[in-house]
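Student: mmCIF, C-alpha atoms, file work_12.cif:
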data_coords
#
loop_
_atom_site.label_atom_id
_atom_site.label_comp_id
_atom_site.auth_asym_id
_atom_site.auth_seq_id
_atom_site.Cartn_x
_atom_site.Cartn_y
_atom_site.Cartn_z
CA MET A 1 -132.82 -188.45 -56.20
CA ASP A 2 -133.81 -185.30 -54.32
CA TYR A 3 -131.78 -182.15 -54.50
CA THR A 4 -131.81 -178.65 -52.99
CA ILE A 5 -129.95 -175.57 -54.14
CA ASP A 6 -129.22 -173.09 -51.34
CA GLY A 7 -127.49 -169.73 -51.38
CA ASN A 8 -128.37 -168.55 -54.92
CA PRO A 9 -127.43 -166.16 -56.46
CA ASP A 10 -124.39 -165.22 -54.34
CA TYR A 11 -123.18 -168.50 -52.90
CA GLY A 12 -125.08 -171.30 -54.55
CA HIS A 13 -124.39 -174.78 -53.28
CA LEU A 14 -126.10 -178.05 -54.07
CA THR A 15 -127.19 -180.83 -51.73
CA VAL A 16 -128.13 -184.18 -53.19
CA ARG A 17 -129.86 -186.99 -51.30
CA LEU A 18 -128.58 -190.32 -52.62
CA GLU A 19 -130.60 -193.47 -51.97
CA LEU A 20 -129.10 -196.92 -51.93
CA GLY A 21 -127.87 -197.84 -55.40
CA GLU A 22 -127.99 -194.26 -56.74
CA SER A 23 -124.91 -192.43 -57.87
CA PHE A 24 -124.14 -188.86 -58.86
CA ILE A 25 -121.39 -187.26 -60.95
CA ALA A 26 -119.66 -184.01 -59.99
CA GLU A 27 -116.70 -182.01 -61.17
CA GLY A 28 -113.45 -182.99 -59.44
CA GLY A 29 -113.01 -181.42 -56.01
CA ALA A 30 -116.55 -180.03 -55.73
CA MET A 31 -117.56 -182.04 -52.67
CA SER A 32 -117.85 -179.84 -49.56
CA TRP A 33 -119.32 -182.19 -46.99
CA MET A 34 -121.15 -185.53 -46.99
CA SER A 35 -122.61 -188.19 -44.74
CA GLY A 36 -119.93 -190.49 -43.37
CA GLY A 37 -119.35 -193.63 -45.42
CA ALA A 38 -119.99 -192.05 -48.84
CA GLU A 39 -117.83 -193.39 -51.65
CA VAL A 40 -116.00 -191.53 -54.39
CA LYS A 41 -114.74 -193.03 -57.63
CA ALA A 42 -112.89 -191.18 -60.34
CA ARG A 43 -114.33 -191.37 -63.85
CA LEU A 44 -112.89 -190.05 -67.07
CA LEU A 45 -114.81 -187.13 -68.46
CA GLY A 46 -115.81 -187.74 -72.07
CA GLY A 47 -113.38 -190.43 -73.21
CA PHE A 48 -109.70 -190.82 -72.49
CA LEU A 49 -108.22 -189.20 -75.58
CA ARG A 50 -110.43 -186.14 -75.44
CA ALA A 51 -109.92 -185.83 -71.70
CA LEU A 52 -106.16 -186.01 -72.22
CA VAL A 53 -106.24 -183.33 -74.91
CA ARG A 54 -108.30 -181.11 -72.61
CA LYS A 55 -105.84 -181.71 -69.79
CA VAL A 56 -102.82 -180.86 -71.94
CA THR A 57 -104.29 -177.85 -73.70
CA GLY A 58 -106.68 -176.43 -71.12
CA GLY A 59 -105.23 -177.71 -67.85
CA GLU A 60 -108.67 -178.99 -66.91
CA SER A 61 -109.17 -182.07 -64.81
CA LEU A 62 -109.15 -185.44 -66.54
CA PHE A 63 -111.61 -186.89 -64.13
CA VAL A 64 -114.95 -186.31 -62.55
CA GLY A 65 -116.00 -187.86 -59.25
CA GLU A 66 -118.77 -190.43 -59.00
CA TYR A 67 -120.42 -190.35 -55.57
CA SER A 68 -122.53 -193.04 -53.97
CA HIS A 69 -123.51 -194.11 -50.49
CA PRO A 70 -123.92 -197.74 -49.41
CA MET A 71 -126.64 -196.86 -46.87
CA GLY A 72 -128.07 -193.76 -48.51
CA GLY A 73 -126.92 -190.29 -47.49
CA GLU A 74 -126.43 -186.66 -48.45
CA VAL A 75 -123.60 -184.97 -50.32
CA THR A 76 -123.18 -181.18 -50.62
CA PHE A 77 -121.23 -179.72 -53.53
CA SER A 78 -120.07 -176.18 -54.20
CA PRO A 79 -118.27 -174.64 -57.16
CA SER A 80 -114.86 -173.02 -56.69
CA VAL A 81 -116.21 -169.57 -57.52
CA PRO A 82 -119.12 -167.82 -55.81
CA GLY A 83 -122.24 -167.46 -57.92
CA ALA A 84 -125.45 -169.15 -58.93
CA ILE A 85 -126.22 -172.78 -59.68
CA SER A 86 -128.78 -173.65 -62.29
CA HIS A 87 -130.62 -176.93 -62.81
CA ARG A 88 -131.91 -178.33 -66.05
CA SER A 89 -133.65 -181.62 -66.81
CA LEU A 90 -132.54 -183.19 -70.03
CA THR A 91 -135.05 -185.44 -71.76
CA GLY A 92 -133.11 -186.53 -74.79
CA ASP A 93 -132.13 -182.97 -75.74
CA SER A 94 -128.66 -181.55 -75.27
CA LEU A 95 -126.87 -178.48 -73.97
CA LEU A 96 -123.39 -177.09 -74.62
CA LEU A 97 -121.46 -175.89 -71.57
CA THR A 98 -118.36 -173.73 -71.69
CA GLY A 99 -115.31 -175.06 -69.87
CA GLY A 100 -115.56 -174.60 -66.12
CA SER A 101 -119.36 -174.22 -66.00
CA PHE A 102 -120.08 -177.89 -65.61
CA MET A 103 -120.82 -178.75 -62.00
CA ALA A 104 -122.69 -182.03 -61.61
CA CYS A 105 -125.21 -184.42 -63.16
CA SER A 106 -127.09 -187.66 -62.63
CA PRO A 107 -125.52 -190.70 -64.30
CA GLY A 108 -128.04 -190.78 -67.17
CA ILE A 109 -126.39 -187.69 -68.67
CA ASN A 110 -123.66 -188.27 -71.25
CA LEU A 111 -120.75 -185.86 -71.06
CA ARG A 112 -118.72 -185.45 -74.20
CA THR A 113 -115.79 -183.14 -74.70
CA ALA A 114 -116.48 -181.21 -77.88
CA PHE A 115 -113.80 -179.30 -79.75
CA GLY A 116 -115.22 -175.86 -80.34
CA GLY A 117 -113.11 -175.18 -83.41
CA LEU A 118 -110.94 -172.22 -84.17
CA ARG A 119 -113.68 -169.70 -83.47
CA SER A 120 -113.97 -170.85 -79.84
CA MET A 121 -110.30 -169.97 -79.34
CA PHE A 122 -111.29 -166.38 -79.95
CA SER A 123 -114.42 -166.64 -77.88
CA GLY A 124 -112.53 -166.48 -74.61
CA GLU A 125 -114.41 -169.57 -73.53
CA GLY A 126 -111.57 -172.01 -74.15
CA MET A 127 -111.17 -174.42 -77.00
CA PHE A 128 -113.37 -177.09 -75.52
CA LEU A 129 -116.99 -177.33 -74.68
CA ILE A 130 -118.80 -180.00 -72.76
CA GLU A 131 -121.73 -181.41 -74.65
CA CYS A 132 -124.33 -182.76 -72.25
CA SER A 133 -127.05 -185.05 -73.57
CA GLY A 134 -129.26 -187.94 -72.46
CA PHE A 135 -131.82 -188.11 -69.68
CA GLY A 136 -131.52 -186.76 -66.15
CA ASP A 137 -130.57 -183.76 -64.06
CA LEU A 138 -127.79 -181.39 -65.04
CA PHE A 139 -126.32 -178.69 -62.80
CA PHE A 140 -124.04 -175.90 -63.97
CA ASN A 141 -122.72 -172.78 -62.30
CA THR A 142 -121.79 -169.19 -62.99
CA TYR A 143 -119.50 -166.58 -61.54
CA GLY A 144 -122.01 -163.89 -60.61
CA ALA A 145 -125.72 -164.24 -61.23
CA MET A 146 -127.21 -166.28 -64.05
CA ILE A 147 -129.39 -164.86 -66.79
CA GLU A 148 -131.52 -167.07 -69.01
CA ARG A 149 -132.62 -165.81 -72.44
CA GLU A 150 -134.76 -167.33 -75.11
CA VAL A 151 -133.12 -166.27 -78.38
CA GLU A 152 -135.20 -165.76 -81.52
CA GLY A 153 -133.24 -164.39 -84.41
CA SER A 154 -129.92 -163.06 -83.26
CA PHE A 155 -128.31 -162.11 -79.98
CA THR A 156 -124.89 -160.66 -79.17
CA VAL A 157 -122.95 -161.50 -76.00
CA ASP A 158 -119.58 -160.29 -74.80
CA THR A 159 -117.16 -163.21 -74.77
CA GLY A 160 -116.63 -164.68 -71.36
CA HIS A 161 -120.19 -164.10 -70.24
CA VAL A 162 -121.60 -167.16 -71.99
CA VAL A 163 -122.16 -170.19 -69.80
CA ALA A 164 -124.33 -172.52 -71.86
CA TRP A 165 -126.52 -172.69 -74.92
CA GLU A 166 -128.72 -175.08 -76.81
CA PRO A 167 -127.12 -176.58 -79.93
CA SER A 168 -130.01 -175.26 -82.06
CA LEU A 169 -128.17 -171.93 -81.78
CA ASP A 170 -125.18 -171.21 -83.95
CA TYR A 171 -122.65 -168.46 -83.36
CA THR A 172 -119.95 -166.41 -85.03
CA ILE A 173 -117.16 -164.34 -83.50
CA ARG A 174 -117.12 -160.68 -84.34
CA GLY A 175 -116.13 -157.31 -83.04
CA MET A 176 -118.66 -155.09 -81.31
CA GLY A 177 -119.48 -152.53 -83.96
CA GLY A 178 -116.65 -151.42 -86.22
CA LEU A 179 -112.91 -151.74 -85.76
CA LYS A 180 -112.69 -148.46 -83.87
CA SER A 181 -115.31 -149.36 -81.31
CA THR A 182 -113.91 -152.88 -80.97
CA LEU A 183 -110.54 -151.45 -80.04
CA LEU A 184 -111.71 -148.55 -77.94
CA SER A 185 -114.88 -149.63 -76.19
CA GLY A 186 -113.24 -152.27 -74.05
CA GLU A 187 -115.93 -154.62 -75.23
CA GLY A 188 -113.48 -156.62 -77.30
CA LEU A 189 -114.85 -159.55 -79.18
CA ALA A 190 -118.39 -160.73 -79.05
CA MET A 191 -120.23 -163.92 -79.83
CA ARG A 192 -123.19 -163.40 -82.10
CA PHE A 193 -125.74 -166.15 -81.74
CA SER A 194 -128.41 -166.90 -84.31
CA GLY A 195 -131.28 -169.32 -84.58
CA SER A 196 -133.76 -170.14 -81.88
CA GLY A 197 -133.02 -171.65 -78.50
CA LYS A 198 -132.07 -170.90 -74.95
CA ILE A 199 -128.84 -169.28 -73.80
CA TYR A 200 -127.47 -168.91 -70.24
CA LEU A 201 -125.21 -166.01 -69.28
CA GLN A 202 -123.20 -164.99 -66.25
CA THR A 203 -123.16 -161.39 -65.01
CA ARG A 204 -119.43 -161.37 -64.08
CA THR A 205 -116.26 -162.95 -65.40
CA LEU A 206 -113.31 -164.17 -63.40
CA PRO A 207 -110.61 -163.09 -65.91
CA SER A 208 -111.80 -159.49 -65.68
CA LEU A 209 -111.61 -159.56 -61.87
CA ALA A 210 -108.11 -161.04 -62.16
CA SER A 211 -106.94 -158.36 -64.55
CA TRP A 212 -108.44 -155.64 -62.37
CA LEU A 213 -106.56 -157.05 -59.35
CA THR A 214 -103.25 -157.59 -61.15
CA PRO A 215 -101.88 -154.03 -60.86
CA PHE A 216 -102.30 -154.27 -57.07
CA GLY A 217 -100.43 -157.57 -56.81
CA MET B 1 -121.58 -159.02 -20.87
CA ALA B 2 -121.00 -158.16 -24.48
CA SER B 3 -123.94 -158.24 -26.83
CA TYR B 4 -123.85 -158.63 -30.60
CA THR B 5 -125.70 -157.32 -33.58
CA ILE B 6 -124.99 -159.09 -36.82
CA SER B 7 -125.44 -156.28 -39.27
CA GLN B 8 -125.89 -157.91 -42.62
CA LYS B 9 -127.05 -161.29 -43.77
CA GLY B 10 -125.54 -162.63 -46.95
CA SER B 11 -122.36 -161.66 -48.69
CA TYR B 12 -121.08 -158.83 -46.56
CA GLY B 13 -121.67 -159.70 -42.92
CA SER B 14 -120.13 -157.81 -40.02
CA VAL B 15 -120.67 -157.72 -36.25
CA LEU B 16 -121.27 -154.81 -33.92
CA VAL B 17 -120.06 -155.73 -30.43
CA GLU B 18 -121.38 -153.74 -27.47
CA LEU B 19 -119.04 -153.94 -24.50
CA ALA B 20 -119.87 -153.47 -20.83
CA PRO B 21 -117.71 -150.91 -18.95
CA ALA B 22 -114.13 -152.19 -18.64
CA GLU B 23 -114.96 -155.39 -20.46
CA GLY B 24 -112.30 -156.50 -22.94
CA PHE B 25 -112.77 -158.04 -26.35
CA ILE B 26 -110.16 -159.65 -28.59
CA SER B 27 -109.90 -159.83 -32.34
CA GLU B 28 -107.35 -160.61 -34.96
CA ALA B 29 -105.39 -157.45 -35.69
CA GLY B 30 -107.00 -155.49 -38.50
CA ALA B 31 -110.54 -156.82 -38.10
CA MET B 32 -111.90 -153.67 -36.43
CA PHE B 33 -113.46 -151.16 -38.81
CA ARG B 34 -115.23 -148.86 -36.37
CA ALA B 35 -115.11 -148.10 -32.64
CA SER B 36 -116.73 -145.63 -30.27
CA ALA B 37 -114.47 -142.85 -28.98
CA ASN B 38 -114.09 -144.37 -25.52
CA ILE B 39 -112.45 -147.57 -26.81
CA ASP B 40 -108.77 -148.11 -26.18
CA ILE B 41 -106.91 -150.57 -28.40
CA ASP B 42 -103.96 -152.58 -27.21
CA VAL B 43 -102.06 -154.67 -29.73
CA THR B 44 -100.13 -157.64 -28.37
CA THR B 45 -98.97 -161.07 -29.39
CA ARG B 46 -100.85 -162.54 -26.48
CA SER B 47 -104.37 -163.21 -25.55
CA ARG B 48 -105.26 -164.25 -22.02
CA GLY B 49 -103.14 -167.13 -20.79
CA SER B 50 -101.38 -167.83 -24.05
CA GLY B 51 -98.69 -165.37 -24.49
CA GLY B 52 -95.45 -164.06 -25.63
CA LEU B 53 -93.53 -163.79 -28.81
CA MET B 54 -93.46 -167.51 -29.42
CA SER B 55 -97.21 -167.85 -29.60
CA GLY B 56 -97.18 -165.05 -32.17
CA VAL B 57 -94.60 -166.96 -34.21
CA LYS B 58 -96.68 -170.11 -33.87
CA ARG B 59 -99.69 -168.27 -35.20
CA LEU B 60 -97.69 -166.96 -38.14
CA LEU B 61 -96.65 -170.51 -39.01
CA ALA B 62 -100.29 -171.48 -38.89
CA GLY B 63 -101.13 -168.76 -41.40
CA GLU B 64 -102.88 -166.62 -38.80
CA SER B 65 -102.15 -163.08 -37.79
CA PHE B 66 -99.13 -162.39 -35.57
CA PHE B 67 -100.93 -159.90 -33.40
CA PHE B 68 -104.16 -159.77 -31.46
CA SER B 69 -105.97 -156.57 -30.68
CA THR B 70 -107.68 -156.08 -27.33
CA TYR B 71 -110.44 -153.47 -27.12
CA ARG B 72 -111.68 -151.97 -23.86
CA SER B 73 -113.83 -149.04 -22.90
CA ILE B 74 -111.80 -146.71 -20.68
CA ASP B 75 -114.27 -144.17 -19.34
CA GLY B 76 -116.54 -146.44 -17.32
CA ARG B 77 -119.28 -146.36 -19.95
CA ARG B 78 -120.40 -148.89 -22.52
CA GLY B 79 -118.46 -149.01 -25.76
CA GLU B 80 -118.93 -150.31 -29.27
CA ILE B 81 -116.67 -151.94 -31.83
CA GLY B 82 -117.51 -153.15 -35.31
CA LEU B 83 -115.62 -156.15 -36.67
CA ALA B 84 -115.52 -157.28 -40.28
CA PRO B 85 -113.70 -160.18 -41.94
CA THR B 86 -111.60 -159.94 -45.11
CA LEU B 87 -113.58 -162.25 -47.32
CA ALA B 88 -117.17 -161.75 -48.44
CA GLY B 89 -119.56 -163.95 -46.50
CA GLU B 90 -121.58 -164.45 -43.35
CA VAL B 91 -120.52 -164.12 -39.74
CA ALA B 92 -121.84 -166.00 -36.72
CA VAL B 93 -121.59 -165.95 -32.92
CA ILE B 94 -120.79 -169.25 -31.21
CA GLU B 95 -121.56 -169.44 -27.49
CA CYS B 96 -118.92 -171.60 -25.85
CA SER B 97 -120.33 -173.15 -22.69
CA GLY B 98 -116.95 -174.22 -21.36
CA THR B 99 -117.87 -177.90 -21.42
CA ASN B 100 -115.88 -178.60 -24.57
CA ARG B 101 -113.04 -176.89 -26.35
CA TRP B 102 -113.77 -175.52 -29.81
CA LEU B 103 -111.39 -175.79 -32.73
CA CYS B 104 -111.62 -172.94 -35.21
CA ALA B 105 -110.00 -172.75 -38.64
CA GLY B 106 -107.39 -169.95 -38.52
CA GLY B 107 -108.93 -168.04 -41.40
CA SER B 108 -112.38 -168.14 -39.81
CA TYR B 109 -111.51 -166.59 -36.44
CA LEU B 110 -112.90 -163.07 -36.14
CA GLY B 111 -112.92 -162.31 -32.41
CA SER B 112 -113.70 -163.59 -28.93
CA THR B 113 -114.58 -162.45 -25.43
CA GLU B 114 -111.68 -161.92 -23.07
CA GLY B 115 -112.44 -164.98 -20.98
CA LEU B 116 -111.65 -167.39 -23.80
CA ARG B 117 -108.15 -168.82 -23.99
CA LEU B 118 -106.73 -169.09 -27.50
CA ASP B 119 -103.97 -171.39 -28.61
CA THR B 120 -102.69 -172.67 -31.94
CA GLN B 121 -102.97 -176.37 -32.43
CA PHE B 122 -101.06 -178.03 -35.23
CA GLN B 123 -102.36 -181.32 -36.49
CA GLY B 124 -98.80 -182.65 -36.31
CA LEU B 125 -97.75 -185.59 -38.41
CA ARG B 126 -101.28 -186.24 -39.51
CA GLY B 127 -101.19 -182.91 -41.29
CA VAL B 128 -97.82 -183.54 -42.90
CA PHE B 129 -98.88 -186.97 -44.04
CA SER B 130 -101.88 -185.59 -45.86
CA GLY B 131 -99.71 -183.15 -47.82
CA GLU B 132 -101.50 -180.09 -46.49
CA SER B 133 -100.48 -178.24 -43.40
CA LEU B 134 -103.44 -178.04 -41.13
CA SER B 135 -103.82 -176.19 -37.91
CA PHE B 136 -106.67 -174.92 -35.81
CA MET B 137 -107.08 -172.28 -33.20
CA ALA B 138 -108.08 -174.06 -29.99
CA VAL B 139 -110.61 -172.04 -28.02
CA GLU B 140 -111.08 -172.93 -24.39
CA GLY B 141 -113.32 -171.65 -21.63
CA GLN B 142 -116.67 -169.94 -21.37
CA GLY B 143 -117.55 -167.03 -23.61
CA ASP B 144 -118.43 -166.03 -27.15
CA LEU B 145 -116.48 -166.78 -30.30
CA LEU B 146 -117.09 -164.83 -33.50
CA VAL B 147 -116.44 -166.65 -36.75
CA SER B 148 -116.62 -165.65 -40.39
CA ALA B 149 -117.11 -167.67 -43.55
CA PHE B 150 -116.43 -167.44 -47.23
CA GLY B 151 -120.02 -167.69 -48.42
CA SER B 152 -122.80 -168.81 -46.15
CA ILE B 153 -122.37 -170.44 -42.75
CA ARG B 154 -124.31 -173.51 -41.78
CA GLU B 155 -124.53 -175.04 -38.34
CA ILE B 156 -124.69 -178.83 -38.33
CA GLU B 157 -125.55 -180.85 -35.26
CA VAL B 158 -123.44 -183.93 -35.93
CA ASP B 159 -124.87 -187.17 -34.67
CA GLY B 160 -123.11 -190.06 -36.33
CA GLU B 161 -120.57 -189.53 -39.09
CA LEU B 162 -119.89 -186.65 -41.41
CA THR B 163 -117.06 -186.02 -43.87
CA VAL B 164 -116.05 -182.40 -44.50
CA ASP B 165 -113.48 -181.03 -46.95
CA THR B 166 -110.90 -179.18 -44.79
CA GLY B 167 -111.45 -176.00 -46.82
CA HIS B 168 -115.08 -175.87 -45.65
CA VAL B 169 -114.53 -176.30 -41.90
CA VAL B 170 -115.21 -173.14 -39.87
CA ALA B 171 -115.27 -174.43 -36.28
CA PHE B 172 -116.31 -177.49 -34.31
CA GLU B 173 -116.77 -178.70 -30.78
CA GLU B 174 -114.02 -181.00 -29.59
CA SER B 175 -116.56 -183.48 -28.27
CA LEU B 176 -116.48 -184.68 -31.88
CA ASP B 177 -113.85 -187.22 -32.83
CA TYR B 178 -112.06 -186.41 -36.03
CA THR B 179 -109.47 -188.01 -38.27
CA LEU B 180 -107.78 -186.62 -41.34
CA GLY B 181 -108.19 -188.60 -44.48
CA ARG B 182 -109.14 -188.70 -48.10
CA ALA B 183 -112.72 -188.44 -49.31
CA GLY B 184 -114.55 -191.66 -50.00
CA GLY B 185 -112.09 -194.20 -48.70
CA SER B 186 -109.68 -194.93 -51.54
CA TRP B 187 -106.69 -192.60 -51.80
CA ILE B 188 -106.12 -193.12 -55.49
CA GLN B 189 -109.77 -192.66 -56.46
CA SER B 190 -110.04 -189.58 -54.31
CA MET B 191 -106.84 -188.04 -55.67
CA LEU B 192 -107.88 -188.67 -59.25
CA ALA B 193 -111.22 -187.04 -58.53
CA SER B 194 -109.24 -184.00 -57.21
CA GLU B 195 -110.84 -184.31 -53.80
CA GLY B 196 -108.56 -182.77 -51.21
CA VAL B 197 -108.00 -183.70 -47.64
CA VAL B 198 -111.08 -184.20 -45.53
CA LEU B 199 -111.91 -184.44 -41.86
CA ASN B 200 -113.99 -187.44 -40.90
CA PHE B 201 -116.10 -186.47 -37.90
CA SER B 202 -117.90 -188.89 -35.64
CA GLY B 203 -119.79 -188.71 -32.36
CA HIS B 204 -121.96 -185.86 -31.11
CA GLY B 205 -121.28 -182.16 -31.29
CA ARG B 206 -121.79 -178.91 -33.14
CA LEU B 207 -119.98 -178.08 -36.35
CA TYR B 208 -120.01 -174.92 -38.49
CA VAL B 209 -119.21 -175.19 -42.19
CA GLN B 210 -118.86 -172.61 -44.95
CA SER B 211 -120.50 -173.02 -48.34
CA HIS B 212 -117.36 -172.11 -50.30
CA ASN B 213 -113.66 -172.88 -50.10
CA PRO B 214 -111.43 -169.75 -49.97
CA ASP B 215 -108.31 -171.55 -51.25
CA GLU B 216 -110.14 -172.90 -54.28
CA PHE B 217 -111.38 -169.44 -55.21
CA GLY B 218 -107.92 -168.02 -54.57
CA SER B 219 -106.25 -170.49 -56.87
CA SER B 220 -108.90 -170.04 -59.59
CA LEU B 221 -108.29 -166.32 -59.46
CA GLY B 222 -104.52 -166.56 -58.93
CA GLY B 223 -104.18 -168.82 -61.96
CA LEU B 224 -105.51 -166.01 -64.14
CA MET B 225 -103.07 -163.41 -62.82
CA PRO B 226 -99.53 -162.98 -64.17
CA PRO B 227 -96.72 -164.20 -61.90
CA ARG B 228 -95.53 -161.56 -59.44
CA GLU B 229 -92.28 -159.85 -60.37
CA SER B 230 -89.77 -160.24 -57.58
#
Please render this file's structure as structure tokens.
Tutor:
Amino acid sequence: MDYTIDGNPDYGHLTVRLELGESFIAEGGAMSWMSGGAEVKARLLGGFLRALVRKVTGGESLFVGEYSHPMGGEVTFSPSVPGAISHRSLTGDSLLLTGGSFMACSPGINLRTAFGGLRSMFSGEGMFLIECSGFGDLFFNTYGAMIEREVEGSFTVDTGHVVAWEPSLDYTIRGMGGLKSTLLSGEGLAMRFSGSGKIYLQTRTLPSLASWLTPFG
Amino acid sequence: MASYTISQKGSYGSVLVELAPAEGFISEAGAMFRASANIDIDVTTRSRGSGGLMSGVKRLLAGESFFFSTYRSIDGRRGEIGLAPTLAGEVAVIECSGTNRWLCAGGSYLGSTEGLRLDTQFQGLRGVFSGESLSFMAVEGQGDLLVSAFGSIREIEVDGELTVDTGHVVAFEESLDYTLGRAGGSWIQSMLASEGVVLNFSGHGRLYVQSHNPDEFGSSLGGLMPPRES
């Protein structure tokens, strides 16, 4: 399977060349254009019960699309928000994605809906994470540009800016500084990561654009 | 003849149109952000050949602007106008040879030379059936059509078959055959996979697509905003 990512970091979109017998998984509705004759099947994302819980609590789609082409062809996907697309090969390792950052993967990747626990409710990232593991190509997207950091020790990120991290990292929710600065700085809550591993961040968040726009609505 | 300078590549494209003396240029009302002092602006509901109040109403129903602006230099010298779209993205100039009509998504129309005839074309029952209202601006004649995109614009020379999500269509030559449908054949599978309505193109012709879907971004953003107080 060949792929190209065009338009990064402003308007990243992904084109995948599917040969006969190959298939590719993408978030529901992400297809932009494709060679005539391509086929789409709906697949549950991460088991029925978990998918249903995600649907009910987070309003996220129950299904992902599985694309294939009987003669071989190309499919182009784009995320619903403008930003960058990042690729990562998984070779038995795993990556945690926040809700909404998953874009697409090859079928060798297992997608599991993971309950982030009470702390993730406060993280601003939603209650559910997508745990990606297995072997193959994984694509995820950001709103804004993407920043990759190798964390050694500890690292603090404003909630909402986290896109993905390796499970070797652990995190806690805390205020930025003391109570006064948490309330007054506009920084709100932060996720403090510790351990060693890679983390992926986005430079903008959609909820902050929405709240900036709201008074004009 | 008018000549064009596309000022910026990337997210914030705009076009500078240089007009010959007395030459007219049409845009959607509100698209002009700069003009030389010798430019006169006339705002009407008509463009050449397609006129009157009713065509304005038709455009409103199609989600386009009610009015067109016509720009013309009035002192016998060359004039300049700058046009910019609402959404962030690229702009492109399409040369219409007059051989085929072009169909342009309403939200992608930025402007056109005076010689082009503009009309709104509803996709009729096909559009209703698919659950989404779909209409295009039909562009006929010889001249230049300016289009804008949400994101980047790509020109595709279709030879064979191509399926495009309706939210990504910018404009296409009518030499292409097209049918409305669901992605990937099966309705149920496609609906479950949240794929919207697509256009299935076949034959030969030019097609412009945009990398991102404005409605999808709008609903992602709108979903995060509180409901409007009425």
Student: Please identify every residue of chain B that has at least one atom no farther than 9 Å from an atom of chain A, counting only C-alpha atoms, and for each give the shortest atom pair and the distance in Å to one decimal, arranged by chain then increasing number, as a tab-separated table.
Tutor:
residue	atom	partner	partner_atom	distance
B:Gly10	CA	A:Asp10	CA	7.9
B:Ser11	CA	A:Asp10	CA	7.0
B:Gly89	CA	A:Tyr11	CA	8.6
B:Phe150	CA	A:Tyr11	CA	8.9
B:Gly151	CA	A:Tyr11	CA	5.5
B:Ser152	CA	A:Tyr11	CA	6.8
B:Gly160	CA	A:Gly36	CA	7.7
B:Glu161	CA	A:Gly36	CA	4.4
B:Leu162	CA	A:Gly36	CA	4.3
B:Thr163	CA	A:Met34	CA	5.2
B:Val164	CA	A:Trp33	CA	4.1
B:Asp165	CA	A:Ser32	CA	5.2
B:Thr166	CA	A:Ser32	CA	8.5
B:Gly167	CA	A:Ser32	CA	8.0
B:His168	CA	A:Ser32	CA	6.2
B:Ala183	CA	A:Val40	CA	6.8
B:Gly184	CA	A:Glu39	CA	4.1
B:Gly185	CA	A:Glu39	CA	6.5
B:Ser186	CA	A:Val40	CA	7.7
B:Ile188	CA	A:Ala42	CA	8.6
B:Gln189	CA	A:Lys41	CA	5.1
B:Ser190	CA	A:Val40	CA	6.3
B:Met191	CA	A:Ala42	CA	8.3
B:Leu192	CA	A:Ala42	CA	5.7
B:Ala193	CA	A:Gly28	CA	4.7
B:Ser194	CA	A:Gly29	CA	4.7
B:Glu195	CA	A:Gly29	CA	4.2
B:Gly196	CA	A:Gly29	CA	6.7
B:Val198	CA	A:Trp33	CA	8.6
B:Asn200	CA	A:Gly36	CA	7.1
B:Phe201	CA	A:Gly36	CA	7.8
B:Ser202	CA	A:Gly36	CA	8.2
B:Val209	CA	A:Trp33	CA	8.5
B:Gln210	CA	A:Ser32	CA	8.6
B:Ser211	CA	A:His13	CA	6.5
B:His212	CA	A:Ser78	CA	6.3
B:Asn213	CA	A:Ser80	CA	6.7
B:Pro214	CA	A:Ser80	CA	8.2
B:Asp215	CA	A:Ser80	CA	8.6
B:Glu216	CA	A:Ser80	CA	5.3
B:Phe217	CA	A:Ser80	CA	5.2
B:Gly218	CA	A:Ser80	CA	8.8
B:Ser219	CA	A:Ser80	CA	9.0
B:Ser220	CA	A:Ser80	CA	7.3
B:Leu221	CA	A:Ala210	CA	5.9
B:Gly222	CA	A:Ala210	CA	7.3
B:Gly223	CA	A:Ala210	CA	8.7
B:Leu224	CA	A:Ala210	CA	5.9
B:Met225	CA	A:Ala210	CA	5.6
B:Pro226	CA	A:Thr214	CA	7.2
B:Arg228	CA	A:Gly217	CA	6.8
Student: Quick check, in Å to one decimal: how far apart do CA of Phe155 (chain A) and CA of Leu189 (chain A) lie?
Tutor: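 A separation of 13.7 Å between them.
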Student: If you apply the PyMOL selection byres ((chain B and resi 154) around 6) to this file, what residues do you get, as a compact mmCIF listing (two decimals) with C-alpha atoms, keeping the file's coordinate frame?
Tutor:
# COMPACT_ATOMS: atom_id res chain seq x y z
CA ILE B 153 -122.37 -170.44 -42.75
CA GLU B 155 -124.53 -175.04 -38.34
CA TYR B 208 -120.01 -174.92 -38.49
CA VAL B 209 -119.21 -175.19 -42.19
Student: Please report the interatomic distance between CA of Ile85 (chain A) and CA of Leu129 (chain A) in Å with one decimal.
Tutor: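 The value is 18.2 Å.
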Student: If you apply the PyMOL selection byres ((chain A and resi 167) around 12) to this file, what residues do you get, as number ranges by chain?
Tutor: A: 93-97, 114, 116, 129-133, 164-166, 168-171, 193-199
Student: How far is it from CA of Phe33 (chain B) to CA of Glu80 (chain B), in Å with one decimal?
Tutor: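 Pair CA of Phe33 (chain B) / CA of Glu80 (chain B) returns 11.0 Å.
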Student: Mind telling me what the PyMOL selection byres ((chain A and resi 172) around 6) catches here, as a list of chain:residue names?
Tutor: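 When the PyMOL selection byres ((chain A and resi 172) around 6) is applied, the selected residues are A:Tyr171, A:Ile173, A:Met191, A:Arg192.
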Student: Ranking A:Val163, A:Leu111, A:Cys105, A:Leu45 by minimum distance to Met1 (chain A) and counting only C-alpha atoms, which one comes first?
Tutor: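 The shortest atom-to-atom distance to Met1 (chain A) comes from A:Cys105.
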